[in-house]
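**Q** Here's a structure for you.
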Amino acid sequence: MIVMKVALVQFAPEFGMVEENLEILEQLCADLRCDLLVLPELCTTGYQFRDRQEASAFAEDKDGPSIKRLAGIAERCGGALVAGIAEASGDQIFNSAALINSDGVLGWYRKVHLFGTEKDCFDPGDLGFPVFDLGEVKLGMMICFDWLFPESARSLALAGAHIIAHPANLVLPYCQNAMITRALENRVFTITCNRIGQEERLPDQRLSFTGRSRMVGPDGTVLTEGPPDKAALITWFINTDRAGDKQITASNNIFADRRPDQYRFEK
Ligand code: ACM
């Protein structure tokens, strides 16, 4: 049996205040010990970039100063963390999630399904949905709007993920409940870490982020949920073996019962 202590930190990053946002995270996590910590999408920079040039000015690669600070948080927590950051890679900029431990970046996920004005600022993700080893536990990542595309979580589950870390900056009201289905239909743990607060950096585009960060178990049980409008550090213990069991009735296995020959995809 593998029991992990997992955590998330929901807060309101201030746009452009990278140092201050990292300080807030360091303070919120000061007494935290855990195996895995999940942070929101674009948690160091804030969300609503005005254009690609602005996103580019904030984007960092694996040797960037924010990554070093996040690695320090991971080290103090004694585990790994998943943080949403703006990633620079040559001329490209991605809305990414970095898996980080005390040594630095262990792996990247680049958001595949860009939402709204993100399309003006970021390149679409090009790494697919990779899965990473945390000891014997397999971790996948997806970011915010990826939830709407069941193929995202399904790709991760088929690749063996026990846990899906899901940094988010949710503005629509649907995802929190939808994650019950994403967890259940794949029999995985999901950790959606959403932000709170508001941003209005583009004319007539006021965004209100919905909080209610959620962890859901492989049977669709909501394990724990954050408030809609307050910062919160939430921890939970999970037995990851439960996500290895794809049997949902005595005669139904959610993977073995799939019928890909009967499914029709455009591509
Ligand atoms: C979103 O994908 N940040 C809504």
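Lettering and numbering for the structure tokens are positional, with chains as A, B, ... in the shown order, residues counted from 1 in each chain, and ligands counted from 1 in the shown order.
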Give me, as number ranges by chain, all polymer residues having an atom no more than 8 Å from segment 16-24 of chain A, counting only C-alpha atoms and skipping those fewer than 5 positions away in the same chain.
**A** A: 43-46, 58, 66, 69-70
**Q** Please identify all protein, DNA and RNA residues within 8 Å of ligand 1, counting only C-alpha atoms and all ligand atoms, and report them as a list in words.
**A**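 For ligand 1, the residues inside 8 Å are Glu41, Tyr47, His113, Leu114, Phe115, Gly116, Ile143, Cys144, Phe145, Asp146, Ala168, Asn169, Leu170, Val171 and Leu172 of chain A.
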**Q** For Phe11 of chain A, which residue among A:Glu151, A:Asp261, A:Asp229, A:Glu26 is the nearest when counting only C-alpha atoms?
**A**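 Closest candidate: A:Asp229.
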**Q** Please provide the set of residues having any atom within 10 Å of segment 195-212 of chain A, restricted to only C-alpha atoms, with same-chain residues fewer than 6 positions apart removed, written as JSON, numbers by chain.
**A** {"A": [9, 10, 11, 12, 13, 14, 15, 39, 40, 41, 42, 43, 46, 47, 48, 49, 50, 51, 117, 167, 168, 169, 170, 171, 172, 173, 175, 176, 224, 225, 226, 227, 228, 229, 230, 231, 232]}
**Q** Which residue is closest to Arg154 of chain A? Choose from A:Ile254, A:Ala74, A:Leu127, A:Ile85 and count only C-alpha atoms.
**A**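 Distance minimum relative to Arg154 of chain A lands on A:Ile254.
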**Q** Write down as number ranges by chain the residues of segment 76-170 of chain A whose backbone DSSP state falls under strand (DSSP E or B).
**A** A: 80-89, 92-101, 104-110, 131-134, 137-141, 163-167
**Q** So that I can see what lies close to Lys5 of chain A, please list as a list in words the residues with an atom at most 9 Å from it, counting only C-alpha atoms and leaving out residues fewer than 4 positions away in the same chain.
**A**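 Counting only C-alpha atoms, the residues come to Arg33, Cys34, Asp35, Leu36, Leu37, Thr235, Trp236, Phe237 and Ile238 of chain A.
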**Q** Show which residues sit within 12 Å of Gly135 of chain A, as a list in words. Count only C-alpha atoms, and ignore same-chain residues fewer than 6 positions away.
**A** Ile2, Val3, Met4, Asp35, Leu36, Gly79, Ala80, His162 and Thr240 of chain A
**Q** Rounded to one decimal place, report the atom CA of Thr190 of chain A-atom CA of Val216 of chain A distance in Å.
**A**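 Result for atom CA of Thr190 of chain A versus atom CA of Val216 of chain A: 5.2 Å, one decimal.
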**Q** Taking only segment 51-165 of chain A into account, list the residues labelled alpha helix (DSSP H) by DSSP (computed from the backbone), as an MDAnalysis selection string.
**A** chainID A and resid 52:58 65:77 118:121 150:158
**Q** So how far away is atom CA of Ile163 of chain A from atom CA of Asp257 of chain A, in Å?
**A**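 Between these atoms lies a distance of 21.5 Å.
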**Q** So what do you get for atom CA of Pro218 of chain A versus atom CA of Asn194 of chain A, distance-wise?
**A**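 Separation between atom CA of Pro218 of chain A and atom CA of Asn194 of chain A: 19.8 Å.
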**Q** Need the shell around His166 of chain A: protein/DNA/RNA residues with any atom at most 7 Å away, counting only C-alpha atoms. Skip same-chain ones fewer than 4 positions apart. Format as a PyMOL selection string?
**A** chain A and resi 141-144+191-193
**Q** I need the chosen residues saved as a PDB file, in the first residue's frame, with N, CA, C and O atoms.
**A**
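The file below, result28.pdb, is the result:
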ATOM      1  N   MET A 141      -0.253  15.448 -15.455  1.00  0.00           N
ATOM      2  CA  MET A 141      -0.673  16.836 -15.236  1.00  0.00           C
ATOM      3  C   MET A 141      -1.572  17.279 -16.377  1.00  0.00           C
ATOM      4  O   MET A 141      -1.380  16.870 -17.523  1.00  0.00           O
ATOM      5  N   MET A 142      -2.572  18.068 -16.059  1.00  0.00           N
ATOM      6  CA  MET A 142      -3.298  18.804 -17.075  1.00  0.00           C
ATOM      7  C   MET A 142      -3.600  20.174 -16.483  1.00  0.00           C
ATOM      8  O   MET A 142      -3.444  20.359 -15.259  1.00  0.00           O
ATOM      9  N   ILE A 143      -3.966  21.131 -17.313  1.00  0.00           N
ATOM     10  CA  ILE A 143      -4.138  22.502 -16.819  1.00  0.00           C
ATOM     11  C   ILE A 143      -5.540  22.996 -17.145  1.00  0.00           C
ATOM     12  O   ILE A 143      -5.982  22.946 -18.296  1.00  0.00           O
ATOM     13  N   CYS A 144      -6.210  23.461 -16.123  1.00  0.00           N
ATOM     14  CA  CYS A 144      -7.484  24.170 -16.191  1.00  0.00           C
ATOM     15  C   CYS A 144      -8.404  23.650 -17.297  1.00  0.00           C
ATOM     16  O   CYS A 144      -8.924  22.546 -17.196  1.00  0.00           O
ATOM     17  N   ILE A 191      -6.438  16.213  -8.386  1.00  0.00           N
ATOM     18  CA  ILE A 191      -6.183  17.336  -7.470  1.00  0.00           C
ATOM     19  C   ILE A 191      -6.259  18.611  -8.292  1.00  0.00           C
ATOM     20  O   ILE A 191      -5.325  18.950  -9.032  1.00  0.00           O
ATOM     21  N   THR A 192      -7.412  19.282  -8.218  1.00  0.00           N
ATOM     22  CA  THR A 192      -7.604  20.545  -8.935  1.00  0.00           C
ATOM     23  C   THR A 192      -7.269  21.668  -7.971  1.00  0.00           C
ATOM     24  O   THR A 192      -7.938  21.835  -6.945  1.00  0.00           O
ATOM     25  N   CYS A 193      -6.202  22.416  -8.271  1.00  0.00           N
ATOM     26  CA  CYS A 193      -5.842  23.558  -7.429  1.00  0.00           C
ATOM     27  C   CYS A 193      -6.211  24.822  -8.186  1.00  0.00           C
ATOM     28  O   CYS A 193      -5.538  25.192  -9.168  1.00  0.00           O
TER      29      CYS A 193
END
